[in-house]
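> File name model03.txt; file contents compact mmCIF, C-alpha atoms; full text below.
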# COMPACT_ATOMS: atom_id res chain seq x y z
CA MET A 1 33.98 19.62 7.20
CA PRO A 2 31.75 18.98 4.18
CA ARG A 3 29.92 21.99 2.83
CA GLU A 4 26.26 22.00 3.93
CA SER A 5 25.37 23.68 0.66
CA LEU A 6 25.63 20.37 -1.19
CA LYS A 7 23.76 18.34 1.40
CA GLU A 8 20.57 20.35 0.96
CA PRO A 9 20.23 19.92 -2.82
CA ILE A 10 21.08 16.22 -2.48
CA LEU A 11 18.32 15.68 0.11
CA ALA A 12 15.77 17.64 -1.91
CA ALA A 13 16.56 15.79 -5.14
CA ALA A 14 16.71 12.42 -3.37
CA LEU A 15 13.14 12.70 -2.09
CA LYS A 16 11.80 13.20 -5.62
CA VAL A 17 13.87 10.42 -7.15
CA LEU A 18 13.22 7.93 -4.32
CA GLN A 19 9.49 8.63 -4.34
CA GLN A 20 9.28 7.98 -8.05
CA LYS A 21 11.70 5.11 -8.56
CA GLY A 22 11.74 3.46 -5.14
CA PHE A 23 14.81 2.73 -3.07
CA ASN A 24 16.42 -0.24 -4.81
CA ALA A 25 16.06 1.09 -8.35
CA THR A 26 17.67 4.40 -7.41
CA GLY A 27 21.44 4.66 -7.68
CA VAL A 28 23.59 7.23 -5.93
CA GLN A 29 24.36 8.60 -9.39
CA ASP A 30 20.63 9.14 -10.13
CA ILE A 31 20.47 11.30 -7.03
CA THR A 32 23.63 13.32 -7.61
CA GLU A 33 22.61 13.87 -11.26
CA ALA A 34 19.14 15.06 -10.20
CA ALA A 35 20.77 17.35 -7.64
CA GLY A 36 23.31 18.64 -10.14
CA VAL A 37 26.25 17.86 -7.86
CA PRO A 38 29.38 15.75 -8.48
CA LYS A 39 28.87 12.05 -7.69
CA GLY A 40 31.88 12.10 -5.37
CA SER A 41 30.22 14.67 -3.11
CA PHE A 42 27.57 12.16 -1.99
CA TYR A 43 29.82 10.28 0.40
CA ASN A 44 31.06 13.52 1.96
CA HIS A 45 27.55 13.90 3.33
CA PHE A 46 26.08 10.40 3.67
CA GLU A 47 27.65 7.13 4.77
CA SER A 48 25.47 5.05 2.50
CA LYS A 49 22.33 5.13 0.38
CA GLU A 50 20.43 3.74 3.39
CA ALA A 51 21.72 6.57 5.61
CA LEU A 52 20.53 9.07 3.01
CA GLY A 53 17.17 7.23 2.79
CA ILE A 54 16.66 7.58 6.55
CA GLU A 55 17.44 11.32 6.41
CA VAL A 56 15.01 11.76 3.53
CA LEU A 57 12.38 9.83 5.49
CA GLU A 58 12.89 12.00 8.59
CA ARG A 59 12.52 15.16 6.55
CA TYR A 60 9.39 13.84 4.80
CA TRP A 61 7.91 12.79 8.12
CA GLN A 62 8.72 16.19 9.67
CA ALA A 63 6.34 17.72 7.12
CA GLY A 64 3.82 15.00 8.03
CA LEU A 65 4.18 15.81 11.73
CA ASN A 66 3.60 19.49 11.04
CA SER A 67 0.34 18.78 9.24
CA LEU A 68 -0.91 16.76 12.24
CA LYS A 69 -1.46 20.15 13.92
CA ILE A 70 -4.71 20.38 11.95
CA LEU A 71 -6.00 17.58 14.19
CA GLU A 72 -5.32 19.64 17.32
CA ASP A 73 -6.98 22.89 16.23
CA THR A 74 -9.70 23.25 18.84
CA ASP A 75 -11.27 26.13 16.92
CA VAL A 76 -12.69 23.46 14.60
CA ALA A 77 -15.06 20.65 15.62
CA PRO A 78 -13.21 17.31 15.92
CA VAL A 79 -14.95 15.62 12.99
CA GLY A 80 -14.28 18.72 10.86
CA ARG A 81 -10.61 18.49 11.76
CA LEU A 82 -10.48 14.86 10.67
CA LYS A 83 -12.14 15.68 7.35
CA ASP A 84 -9.89 18.70 6.81
CA TYR A 85 -6.83 16.67 7.65
CA PHE A 86 -7.44 13.93 5.10
CA HIS A 87 -8.72 16.39 2.52
CA LYS A 88 -5.49 18.37 2.82
CA LEU A 89 -3.40 15.20 2.58
CA ASN A 90 -5.28 14.45 -0.63
CA LEU A 91 -4.83 17.95 -2.02
CA ARG A 92 -1.12 17.69 -1.34
CA ALA A 93 -0.93 14.30 -3.05
CA ARG A 94 -2.82 15.66 -6.06
CA LYS A 95 -0.37 18.52 -6.48
CA LEU A 96 2.29 15.95 -7.28
CA ASP A 97 2.39 13.41 -10.06
CA TYR A 98 0.48 10.12 -9.75
CA ARG A 99 3.84 8.44 -9.65
CA TYR A 100 4.82 9.70 -6.22
CA GLY A 101 2.36 8.03 -3.88
CA CYS A 102 3.22 8.25 -0.17
CA PHE A 103 6.94 7.93 0.51
CA ILE A 104 6.21 6.23 3.85
CA GLY A 105 3.83 3.69 2.29
CA ASN A 106 6.09 3.04 -0.70
CA LEU A 107 9.11 2.51 1.50
CA GLY A 108 7.08 0.21 3.73
CA ALA A 109 5.99 -1.94 0.81
CA GLU A 110 9.43 -2.13 -0.74
CA MET A 111 11.85 -2.17 2.18
CA SER A 112 10.14 -3.64 5.27
CA ASP A 113 11.63 -7.05 4.65
CA GLN A 114 15.02 -5.87 3.46
CA SER A 115 15.96 -3.26 6.01
CA PRO A 116 15.15 -3.59 9.73
CA VAL A 117 16.33 0.04 10.08
CA PHE A 118 13.66 1.29 7.67
CA ARG A 119 10.98 -1.10 8.93
CA LYS A 120 11.35 -0.17 12.59
CA ARG A 121 11.40 3.54 11.87
CA LEU A 122 8.35 3.25 9.60
CA ALA A 123 6.45 1.25 12.24
CA THR A 124 7.19 3.98 14.81
CA ILE A 125 6.07 6.69 12.38
CA PHE A 126 2.82 4.86 11.63
CA GLY A 127 2.28 4.50 15.39
CA VAL A 128 2.71 8.23 16.08
CA TRP A 129 0.54 9.07 13.09
CA SER A 130 -2.22 6.67 14.20
CA ARG A 131 -2.22 8.03 17.75
CA ALA A 132 -2.63 11.62 16.55
CA ILE A 133 -5.67 10.57 14.51
CA GLU A 134 -6.97 8.48 17.43
CA ALA A 135 -6.98 11.48 19.80
CA CYS A 136 -9.16 13.42 17.36
CA VAL A 137 -11.43 10.41 16.71
CA ARG A 138 -11.94 10.10 20.48
CA GLU A 139 -12.96 13.77 20.71
CA ALA A 140 -15.36 13.32 17.79
CA GLN A 141 -16.90 10.30 19.51
CA ALA A 142 -17.23 12.27 22.75
CA ASP A 143 -19.13 15.12 21.08
CA GLY A 144 -21.40 12.63 19.33
CA SER A 145 -20.34 13.29 15.73
CA LEU A 146 -18.57 9.96 15.11
CA ARG A 147 -19.98 6.50 15.77
CA ARG A 148 -19.15 5.03 19.19
CA ASP A 149 -19.67 1.34 18.49
CA LEU A 150 -16.04 1.07 17.36
CA ASP A 151 -12.93 1.76 19.39
CA ALA A 152 -11.16 5.09 18.63
CA LYS A 153 -7.80 3.35 18.23
CA THR A 154 -9.27 0.85 15.78
CA ILE A 155 -10.99 3.56 13.72
CA ALA A 156 -7.79 5.64 13.61
CA SER A 157 -5.66 2.76 12.42
CA PHE A 158 -8.31 1.83 9.84
CA LEU A 159 -8.47 5.42 8.53
CA LEU A 160 -4.72 5.71 8.14
CA ASN A 161 -4.29 2.30 6.52
CA SER A 162 -7.25 2.86 4.20
CA TRP A 163 -5.82 6.19 3.11
CA GLU A 164 -2.48 4.54 2.34
CA GLY A 165 -4.33 1.89 0.31
CA ALA A 166 -6.26 4.57 -1.59
CA LEU A 167 -3.06 6.40 -2.50
CA LEU A 168 -1.45 3.15 -3.64
CA ARG A 169 -4.43 2.46 -5.90
CA SER A 170 -4.21 6.03 -7.30
CA LYS A 171 -0.60 5.33 -8.19
CA VAL A 172 -1.49 2.12 -10.03
CA ASP A 173 -4.58 3.57 -11.73
CA GLN A 174 -2.94 6.91 -12.53
CA GLY A 175 -6.13 8.57 -11.37
CA TRP A 176 -7.18 10.35 -8.21
CA GLY A 177 -10.59 8.66 -7.87
CA PRO A 178 -9.57 6.44 -4.94
CA LEU A 179 -8.67 9.47 -2.77
CA GLY A 180 -12.15 10.96 -3.20
CA GLU A 181 -13.75 7.56 -2.62
CA PHE A 182 -11.80 7.24 0.62
CA GLU A 183 -13.11 10.58 1.93
CA GLU A 184 -16.67 9.86 0.86
CA VAL A 185 -16.97 6.33 2.24
CA ALA A 186 -14.94 6.79 5.41
CA PHE A 187 -16.75 9.89 6.63
CA THR A 188 -20.22 8.79 5.58
CA ALA A 189 -19.86 5.35 7.15
CA LEU A 190 -18.20 6.53 10.35
CA ALA A 191 -20.61 9.42 11.00
CA LYS A 192 -22.87 9.01 14.01
CA MET B 1 12.15 -26.88 -26.69
CA PRO B 2 13.09 -26.09 -23.07
CA ARG B 3 12.02 -28.65 -20.49
CA GLU B 4 8.83 -27.54 -18.70
CA SER B 5 10.13 -29.31 -15.61
CA LEU B 6 12.49 -26.42 -14.83
CA LYS B 7 9.96 -23.69 -15.58
CA GLU B 8 7.63 -24.82 -12.80
CA PRO B 9 10.17 -24.74 -9.96
CA ILE B 10 11.47 -21.38 -11.20
CA LEU B 11 7.96 -19.85 -11.15
CA ALA B 12 7.16 -21.27 -7.72
CA ALA B 13 10.44 -20.08 -6.20
CA ALA B 14 10.19 -16.70 -7.94
CA LEU B 15 6.85 -15.87 -6.30
CA LYS B 16 8.30 -16.39 -2.83
CA VAL B 17 11.49 -14.45 -3.51
CA LEU B 18 9.73 -11.58 -5.33
CA GLN B 19 7.08 -11.26 -2.61
CA GLN B 20 9.71 -10.99 0.08
CA LYS B 21 12.42 -8.94 -1.58
CA GLY B 22 10.50 -6.98 -4.18
CA PHE B 23 11.29 -6.87 -7.89
CA ASN B 24 14.34 -4.63 -8.10
CA ALA B 25 16.24 -6.20 -5.22
CA THR B 26 15.78 -9.71 -6.65
CA GLY B 27 18.39 -10.98 -9.05
CA VAL B 28 17.92 -13.82 -11.51
CA GLN B 29 20.47 -15.72 -9.46
CA ASP B 30 18.38 -15.33 -6.27
CA ILE B 31 15.53 -17.02 -8.11
CA THR B 32 17.51 -19.86 -9.67
CA GLU B 33 19.24 -20.51 -6.33
CA ALA B 34 15.90 -20.61 -4.52
CA ALA B 35 14.57 -22.97 -7.22
CA GLY B 36 17.66 -25.15 -7.07
CA VAL B 37 18.22 -24.93 -10.84
CA PRO B 38 21.28 -23.80 -12.84
CA LYS B 39 21.37 -20.02 -13.44
CA GLY B 40 21.73 -20.61 -17.18
CA SER B 41 18.37 -22.39 -17.33
CA PHE B 42 16.50 -19.14 -16.53
CA TYR B 43 16.83 -17.67 -20.00
CA ASN B 44 15.69 -20.92 -21.61
CA HIS B 45 12.29 -20.21 -20.10
CA PHE B 46 12.02 -16.42 -19.68
CA GLU B 47 13.16 -13.58 -21.93
CA SER B 48 13.84 -11.27 -19.01
CA LYS B 49 13.21 -10.76 -15.31
CA GLU B 50 10.22 -8.59 -16.28
CA ALA B 51 8.78 -11.39 -18.43
CA LEU B 52 9.14 -13.77 -15.48
CA GLY B 53 7.56 -11.15 -13.18
CA ILE B 54 4.50 -10.92 -15.43
CA GLU B 55 4.12 -14.73 -15.47
CA VAL B 56 4.42 -14.83 -11.69
CA LEU B 57 1.81 -12.08 -11.45
CA GLU B 58 -0.60 -13.94 -13.74
CA ARG B 59 -0.25 -17.11 -11.67
CA TYR B 60 -0.77 -15.20 -8.42
CA TRP B 61 -3.80 -13.44 -9.85
CA GLN B 62 -5.23 -16.73 -11.12
CA ALA B 63 -5.44 -17.86 -7.50
CA GLY B 64 -7.03 -14.49 -6.69
CA LEU B 65 -9.59 -14.95 -9.46
CA ASN B 66 -10.47 -18.40 -8.16
CA SER B 67 -11.19 -17.06 -4.68
CA LEU B 68 -13.59 -14.47 -6.15
CA LYS B 69 -16.03 -17.38 -6.57
CA ILE B 70 -16.87 -16.97 -2.88
CA LEU B 71 -18.55 -13.69 -3.88
CA GLU B 72 -20.82 -15.50 -6.34
CA ASP B 73 -22.03 -18.29 -4.06
CA THR B 74 -25.77 -17.63 -3.97
CA ASP B 75 -26.22 -20.19 -1.19
CA VAL B 76 -24.83 -17.53 1.15
CA ALA B 77 -26.40 -14.09 1.78
CA PRO B 78 -24.48 -11.34 -0.08
CA VAL B 79 -23.14 -9.59 3.01
CA GLY B 80 -22.03 -12.97 4.39
CA ARG B 81 -20.16 -13.62 1.16
CA LEU B 82 -18.35 -10.29 1.43
CA LYS B 83 -17.34 -11.01 5.03
CA ASP B 84 -16.26 -14.57 4.18
CA TYR B 85 -14.29 -13.32 1.23
CA PHE B 86 -12.18 -10.81 3.14
CA HIS B 87 -11.89 -13.12 6.13
CA LYS B 88 -10.47 -15.84 3.89
CA LEU B 89 -8.07 -13.37 2.25
CA ASN B 90 -6.88 -12.52 5.75
CA LEU B 91 -6.53 -16.15 6.81
CA ARG B 92 -4.46 -16.79 3.69
CA ALA B 93 -2.25 -13.78 4.40
CA ARG B 94 -1.77 -14.93 8.00
CA LYS B 95 -0.61 -18.38 6.90
CA LEU B 96 2.42 -16.70 5.31
CA ASP B 97 5.08 -14.59 6.95
CA TYR B 98 4.46 -10.90 7.68
CA ARG B 99 7.08 -10.15 5.09
CA TYR B 100 4.99 -11.25 2.14
CA GLY B 101 2.15 -8.74 1.98
CA CYS B 102 0.08 -8.77 -1.23
CA PHE B 103 2.16 -9.38 -4.33
CA ILE B 104 -0.21 -7.18 -6.36
CA GLY B 105 -0.03 -4.30 -3.89
CA ASN B 106 3.74 -4.60 -3.41
CA LEU B 107 4.36 -4.64 -7.13
CA GLY B 108 2.03 -1.66 -7.56
CA ALA B 109 3.91 0.37 -4.97
CA GLU B 110 7.34 -0.53 -6.30
CA MET B 111 6.91 -0.80 -10.05
CA SER B 112 4.02 1.41 -11.21
CA ASP B 113 6.34 4.21 -12.17
CA GLN B 114 9.12 2.07 -13.57
CA SER B 115 7.27 -0.39 -15.75
CA PRO B 116 4.23 0.53 -17.85
CA VAL B 117 3.80 -3.21 -18.52
CA PHE B 118 3.38 -3.98 -14.81
CA ARG B 119 1.35 -0.85 -14.09
CA LYS B 120 -1.21 -1.44 -16.84
CA ARG B 121 -1.66 -5.09 -15.95
CA LEU B 122 -2.02 -4.24 -12.25
CA ALA B 123 -4.60 -1.54 -13.02
CA THR B 124 -6.61 -4.06 -15.03
CA ILE B 125 -6.38 -6.64 -12.24
CA PHE B 126 -7.54 -4.11 -9.64
CA GLY B 127 -10.42 -3.21 -11.97
CA VAL B 128 -11.60 -6.82 -12.34
CA TRP B 129 -11.18 -7.38 -8.60
CA SER B 130 -13.17 -4.23 -7.73
CA ARG B 131 -16.00 -5.14 -10.10
CA ALA B 132 -16.38 -8.62 -8.56
CA ILE B 133 -16.70 -7.03 -5.12
CA GLU B 134 -19.06 -4.37 -6.51
CA ALA B 135 -21.51 -6.97 -7.84
CA CYS B 136 -21.77 -8.52 -4.37
CA VAL B 137 -22.02 -5.11 -2.67
CA ARG B 138 -24.91 -4.27 -5.00
CA GLU B 139 -26.73 -7.48 -4.04
CA ALA B 140 -26.16 -6.75 -0.35
CA GLN B 141 -27.58 -3.25 -0.82
CA ALA B 142 -30.58 -4.69 -2.67
CA ASP B 143 -31.43 -7.11 0.16
CA GLY B 144 -31.06 -4.31 2.71
CA SER B 145 -28.02 -5.62 4.59
CA LEU B 146 -25.53 -2.97 3.42
CA ARG B 147 -26.01 0.81 3.54
CA ARG B 148 -27.45 2.36 0.38
CA ASP B 149 -26.34 5.96 0.83
CA LEU B 150 -23.07 5.13 -0.93
CA ASP B 151 -22.61 3.87 -4.46
CA ALA B 152 -21.78 0.13 -4.80
CA LYS B 153 -18.81 0.87 -7.05
CA THR B 154 -17.41 3.37 -4.56
CA ILE B 155 -17.84 1.00 -1.61
CA ALA B 156 -16.18 -1.85 -3.53
CA SER B 157 -13.17 0.21 -4.50
CA PHE B 158 -12.89 1.51 -0.94
CA LEU B 159 -13.01 -2.02 0.50
CA LEU B 160 -10.33 -3.33 -1.82
CA ASN B 161 -8.00 -0.35 -1.34
CA SER B 162 -8.51 -0.37 2.42
CA TRP B 163 -7.67 -4.06 2.56
CA GLU B 164 -4.47 -3.44 0.60
CA GLY B 165 -3.60 -0.64 3.02
CA ALA B 166 -4.25 -2.89 6.01
CA LEU B 167 -1.97 -5.60 4.63
CA LEU B 168 0.76 -3.04 3.94
CA ARG B 169 0.53 -1.86 7.54
CA SER B 170 0.73 -5.47 8.77
CA LYS B 171 3.93 -5.86 6.80
CA VAL B 172 5.46 -2.75 8.36
CA ASP B 173 4.23 -3.51 11.89
CA GLN B 174 5.00 -7.23 11.70
CA GLY B 175 1.63 -7.84 13.28
CA TRP B 176 -1.74 -8.93 11.98
CA GLY B 177 -3.82 -6.38 13.92
CA PRO B 178 -4.60 -4.19 10.89
CA LEU B 179 -6.33 -7.09 9.08
CA GLY B 180 -8.73 -7.67 11.97
CA GLU B 181 -9.32 -3.91 12.31
CA PHE B 182 -10.19 -3.76 8.64
CA GLU B 183 -12.85 -6.47 8.97
CA GLU B 184 -14.29 -4.95 12.14
CA VAL B 185 -14.52 -1.34 11.00
CA ALA B 186 -15.50 -1.97 7.39
CA PHE B 187 -18.38 -4.33 8.11
CA THR B 188 -19.65 -2.48 11.16
CA ALA B 189 -19.61 0.90 9.43
CA LEU B 190 -21.04 -0.30 6.13
CA ALA B 191 -23.85 -2.37 7.67
CA LYS B 192 -27.34 -1.04 7.07
Kindly present the structure from the file in structure tokens form.


Amino acid sequence: MPRESLKEPILAAALKVLQQKGFNATGVQDITEAAGVPKGSFYNHFESKEALGIEVLERYWQAGLNSLKILEDTDVAPVGRLKDYFHKLNLRARKLDYRYGCFIGNLGAEMSDQSPVFRKRLATIFGVWSRAIEACVREAQADGSLRRDLDAKTIASFLLNSWEGALLRSKVDQGWGPLGEFEEVAFTALAK
Amino acid sequence: MPRESLKEPILAAALKVLQQKGFNATGVQDITEAAGVPKGSFYNHFESKEALGIEVLERYWQAGLNSLKILEDTDVAPVGRLKDYFHKLNLRARKLDYRYGCFIGNLGAEMSDQSPVFRKRLATIFGVWSRAIEACVREAQADGSLRRDLDAKTIASFLLNSWEGALLRSKVDQGWGPLGEFEEVAFTALAK
């Protein structure tokens, strides 16, 4: 059996390299070099670069799933949870380099047409993500803090997609302005 | 001098291939095959794949620049121009396959970290694009049809980034829903 001790550093290094360089421009050797492990060890742990990519995606999304708990914290008013949630996503993005962007969005832009495996998994992830936001939007509409002339599902999808667009623009501009603009416009314009 | 007659089909085929497959996954041979020209003819016209990519980008953006004229048509009320503009962008996107997305957004996601040449040009393009939208937003605020509690520049940037995010989501979902959601939420929530 392959040693787990090499799988962990490969996965950790792969996320960084894949987020920066994208999937196609990253070679297995880039990953093993970044992880400081022998190139040959890669295929002891992963069948292919795509198989590694899916494991990296699942791990990245696990962290995303964990942060969705903010949206369920009933100690905070629903609209406050929504603001906190996106603010924390932005703080997390800002801790990294401009070059990272969102791994889910980057992979979607680059790989949706090339890999049905990636595309289908990403579509499912976006669906789960949207529905978590939608539940909180619905609560905020019910307590009168968010506008009710738009459907909760539509608002949730719009918020998520707009945030992805803002992060993409930050990556291109090498500046965090778009993330702040997203928070300001979205929550001013959607307030009741 | 190389014959211009081969440059044109190469550029036209390259846009389609690059939009679908992305930059890194596209080989020169993919482009010459799609164009139906000998592989050797590529380097008579382009120094490198990056040089071709920049020419494709300029041509794509030229079409984008032309459509910005909708935003300057003073026969139409400013807010109507904004709605028409994004609606026409969406109609154009829907004429193509889901797989295309926005060439500017796709290239930004994939190449911003790998090519300073692409990144800088894309940042400039997004800047010009934002400012054209901003001018129309400012007019719509002045005539009272768009909310004034947000800065015109901020709204314009938000609209553009949100639209890019919506198109990215359409690509991942293989469905056009996000484009309609963008129009509905943005123009309902930003209306005065």

> Which is closest to chain B among A:Ser145, A:Ser67, A:Ser5, A:Ser157, if we use all atoms listed in the file?

A:Ser157

> May I have the residues within 12 Å of B:Gln19 as a PyMOL selection string, using all atoms listed in the file and disregarding those fewer than 5 positions away in the same chain?

(chain A and resi 109-114) or (chain B and resi 12-14+24-26+31+53+56-57+60+93+96-108+110+171)

> Put those residues in a file: C-alpha atoms, as a PDB file, in the frame of the given file.


ATOM      1  CA  ALA A 109       5.990  -1.940   0.810  1.00  0.00           C
ATOM      2  CA  GLU A 110       9.430  -2.130  -0.740  1.00  0.00           C
ATOM      3  CA  MET A 111      11.850  -2.170   2.180  1.00  0.00           C
ATOM      4  CA  SER A 112      10.140  -3.640   5.270  1.00  0.00           C
ATOM      5  CA  ASP A 113      11.630  -7.050   4.650  1.00  0.00           C
ATOM      6  CA  GLN A 114      15.020  -5.870   3.460  1.00  0.00           C
TER       7      GLN A 114
ATOM      8  CA  ALA B  12       7.160 -21.270  -7.720  1.00  0.00           C
ATOM      9  CA  ALA B  13      10.440 -20.080  -6.200  1.00  0.00           C
ATOM     10  CA  ALA B  14      10.190 -16.700  -7.940  1.00  0.00           C
ATOM     11  CA  ASN B  24      14.340  -4.630  -8.100  1.00  0.00           C
ATOM     12  CA  ALA B  25      16.240  -6.200  -5.220  1.00  0.00           C
ATOM     13  CA  THR B  26      15.780  -9.710  -6.650  1.00  0.00           C
ATOM     14  CA  ILE B  31      15.530 -17.020  -8.110  1.00  0.00           C
ATOM     15  CA  GLY B  53       7.560 -11.150 -13.180  1.00  0.00           C
ATOM     16  CA  VAL B  56       4.420 -14.830 -11.690  1.00  0.00           C
ATOM     17  CA  LEU B  57       1.810 -12.080 -11.450  1.00  0.00           C
ATOM     18  CA  TYR B  60      -0.770 -15.200  -8.420  1.00  0.00           C
ATOM     19  CA  ALA B  93      -2.250 -13.780   4.400  1.00  0.00           C
ATOM     20  CA  LEU B  96       2.420 -16.700   5.310  1.00  0.00           C
ATOM     21  CA  ASP B  97       5.080 -14.590   6.950  1.00  0.00           C
ATOM     22  CA  TYR B  98       4.460 -10.900   7.680  1.00  0.00           C
ATOM     23  CA  ARG B  99       7.080 -10.150   5.090  1.00  0.00           C
ATOM     24  CA  TYR B 100       4.990 -11.250   2.140  1.00  0.00           C
ATOM     25  CA  GLY B 101       2.150  -8.740   1.980  1.00  0.00           C
ATOM     26  CA  CYS B 102       0.080  -8.770  -1.230  1.00  0.00           C
ATOM     27  CA  PHE B 103       2.160  -9.380  -4.330  1.00  0.00           C
ATOM     28  CA  ILE B 104      -0.210  -7.180  -6.360  1.00  0.00           C
ATOM     29  CA  GLY B 105      -0.030  -4.300  -3.890  1.00  0.00           C
ATOM     30  CA  ASN B 106       3.740  -4.600  -3.410  1.00  0.00           C
ATOM     31  CA  LEU B 107       4.360  -4.640  -7.130  1.00  0.00           C
ATOM     32  CA  GLY B 108       2.030  -1.660  -7.560  1.00  0.00           C
ATOM     33  CA  GLU B 110       7.340  -0.530  -6.300  1.00  0.00           C
ATOM     34  CA  LYS B 171       3.930  -5.860   6.800  1.00  0.00           C
TER      35      LYS B 171
END

> For each of B:Arg94, B:Gly40, B:Lys120, B:Trp129, take the minimum atom-to-atom distance to B:Leu179, counting only C-alpha atoms, then give the residue where this is smallest.

B:Arg94

> Stretch 41-45 of chain A, all listed atoms, 8 Å padding on each side: what axis-aligned box centre and edge lengths in Å to one decimal come out, as AutoDock Vina command-line options?


--center_x 29.3 --center_y 12.5 --center_z 0.1 --size_x 19.5 --size_y 20.4 --size_z 22.4

> Skip B:Gly177 itself and residues of its chain fewer than 6 positions away, then list as a list in words all residues within 10 Å of it, counting all atoms listed in the file.

Thr154 and Ser157 of chain A; Ala166, Leu167, Arg169 and Ser170 of chain B

> My list of candidates is A:Lys16, A:Lys49, A:Lys7, A:Lys83. Which is closest to A:Gly180 when distances are computed with all atoms listed in the file?

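Selected residue with least distance to A:Gly180: A:Lys83.
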
> Using all atoms listed in the file, which of the listed residues (B:Phe158, B:Phe46, B:Trp176, B:Trp61) sits closest to chain A?

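Looking only at the distances to chain A, the closest residue turns out to be B:Phe158.
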
> Show which residues sit within 12 Å of B:Asp30, as a list in words. Count only C-alpha atoms, and ignore same-chain residues fewer than 5 positions away.

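Listed by chain and then number, they are Ile10, Ala13, Ala14, Leu15, Lys16, Val17, Leu18, Gln20, Lys21, Gly22, Phe23, Asn24, Ala25, Ala35, Gly36, Val37, Pro38, Lys39, Phe42 and Lys49 of chain B.
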
> Atom CA of A:Val79 to atom CA of A:Trp163: how many Å, to one decimal?

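The value is 16.4 Å.
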
> I'd like the interatomic distance between atom CA of A:Glu184 and atom CA of B:Leu150, to a tenth of an Å.

8.2 Å

> What's around A:Lys153 at 9 Å? Count all atoms listed in the file, leave out sequence neighbours fewer than 2 positions away in its own chain, and write the answer as an MDAnalysis selection string.

chainID A and resid 130:131 133:135 137:138 150:151 155:158

> Just to confirm, what's the straight-line distance from atom CA of B:Val185 to atom CA of A:Leu68 in Å (one decimal)?

22.7 Å

> Taking into account all atoms listed in the file, which residue in the set B:Ala142, B:Asn90, B:Gly27, B:Asp73 is nearest to chain A?

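Closest candidate: B:Gly27.
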
> Pick from A:Tyr85, A:Phe182, A:Phe118, A:Tyr43: nearest to B:Gly165, with all atoms listed in the file counted?

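Counting all atoms listed in the file, the residue closest to B:Gly165 is A:Phe182.
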
> Hey, could you patch up stretch 157-170 of chain B with N, CA and C atoms and hand it over as a JSON list (two decimals), keeping the file's coordinate frame?


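Full text of result.json as output:
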[["chain", "number", "residue", "atom", "x", "y", "z"],
["B", 157, "SER", "N", -14.52, -0.30, -4.32],
["B", 157, "SER", "CA", -13.17, 0.21, -4.50],
["B", 157, "SER", "C", -12.55, 0.54, -3.14],
["B", 158, "PHE", "N", -13.34, 1.17, -2.29],
["B", 158, "PHE", "CA", -12.89, 1.51, -0.94],
["B", 158, "PHE", "C", -12.48, 0.26, -0.16],
["B", 159, "LEU", "N", -13.31, -0.79, -0.23],
["B", 159, "LEU", "CA", -13.01, -2.02, 0.50],
["B", 159, "LEU", "C", -11.70, -2.63, 0.03],
["B", 160, "LEU", "N", -11.54, -2.71, -1.27],
["B", 160, "LEU", "CA", -10.33, -3.33, -1.82],
["B", 160, "LEU", "C", -9.08, -2.51, -1.45],
["B", 161, "ASN", "N", -9.17, -1.20, -1.63],
["B", 161, "ASN", "CA", -8.00, -0.35, -1.34],
["B", 161, "ASN", "C", -7.67, -0.36, 0.15],
["B", 162, "SER", "N", -8.73, -0.37, 0.97],
["B", 162, "SER", "CA", -8.51, -0.37, 2.42],
["B", 162, "SER", "C", -7.86, -1.67, 2.86],
["B", 163, "TRP", "N", -8.28, -2.77, 2.22],
["B", 163, "TRP", "CA", -7.67, -4.06, 2.56],
["B", 163, "TRP", "C", -6.19, -4.06, 2.18],
["B", 164, "GLU", "N", -5.88, -3.53, 1.01],
["B", 164, "GLU", "CA", -4.47, -3.44, 0.60],
["B", 164, "GLU", "C", -3.67, -2.59, 1.60],
["B", 165, "GLY", "N", -4.28, -1.50, 2.05],
["B", 165, "GLY", "CA", -3.60, -0.64, 3.02],
["B", 165, "GLY", "C", -3.38, -1.35, 4.35],
["B", 166, "ALA", "N", -4.37, -2.15, 4.75],
["B", 166, "ALA", "CA", -4.25, -2.89, 6.01],
["B", 166, "ALA", "C", -3.12, -3.93, 5.92],
["B", 167, "LEU", "N", -3.01, -4.59, 4.77],
["B", 167, "LEU", "CA", -1.97, -5.60, 4.63],
["B", 167, "LEU", "C", -0.58, -4.95, 4.58],
["B", 168, "LEU", "N", -0.51, -3.79, 3.95],
["B", 168, "LEU", "CA", 0.76, -3.04, 3.94],
["B", 168, "LEU", "C", 1.18, -2.68, 5.37],
["B", 169, "ARG", "N", 0.22, -2.22, 6.15],
["B", 169, "ARG", "CA", 0.53, -1.86, 7.54],
["B", 169, "ARG", "C", 0.97, -3.08, 8.36],
["B", 170, "SER", "N", 0.32, -4.23, 8.10],
["B", 170, "SER", "CA", 0.73, -5.47, 8.77],
["B", 170, "SER", "C", 2.18, -5.81, 8.47]]
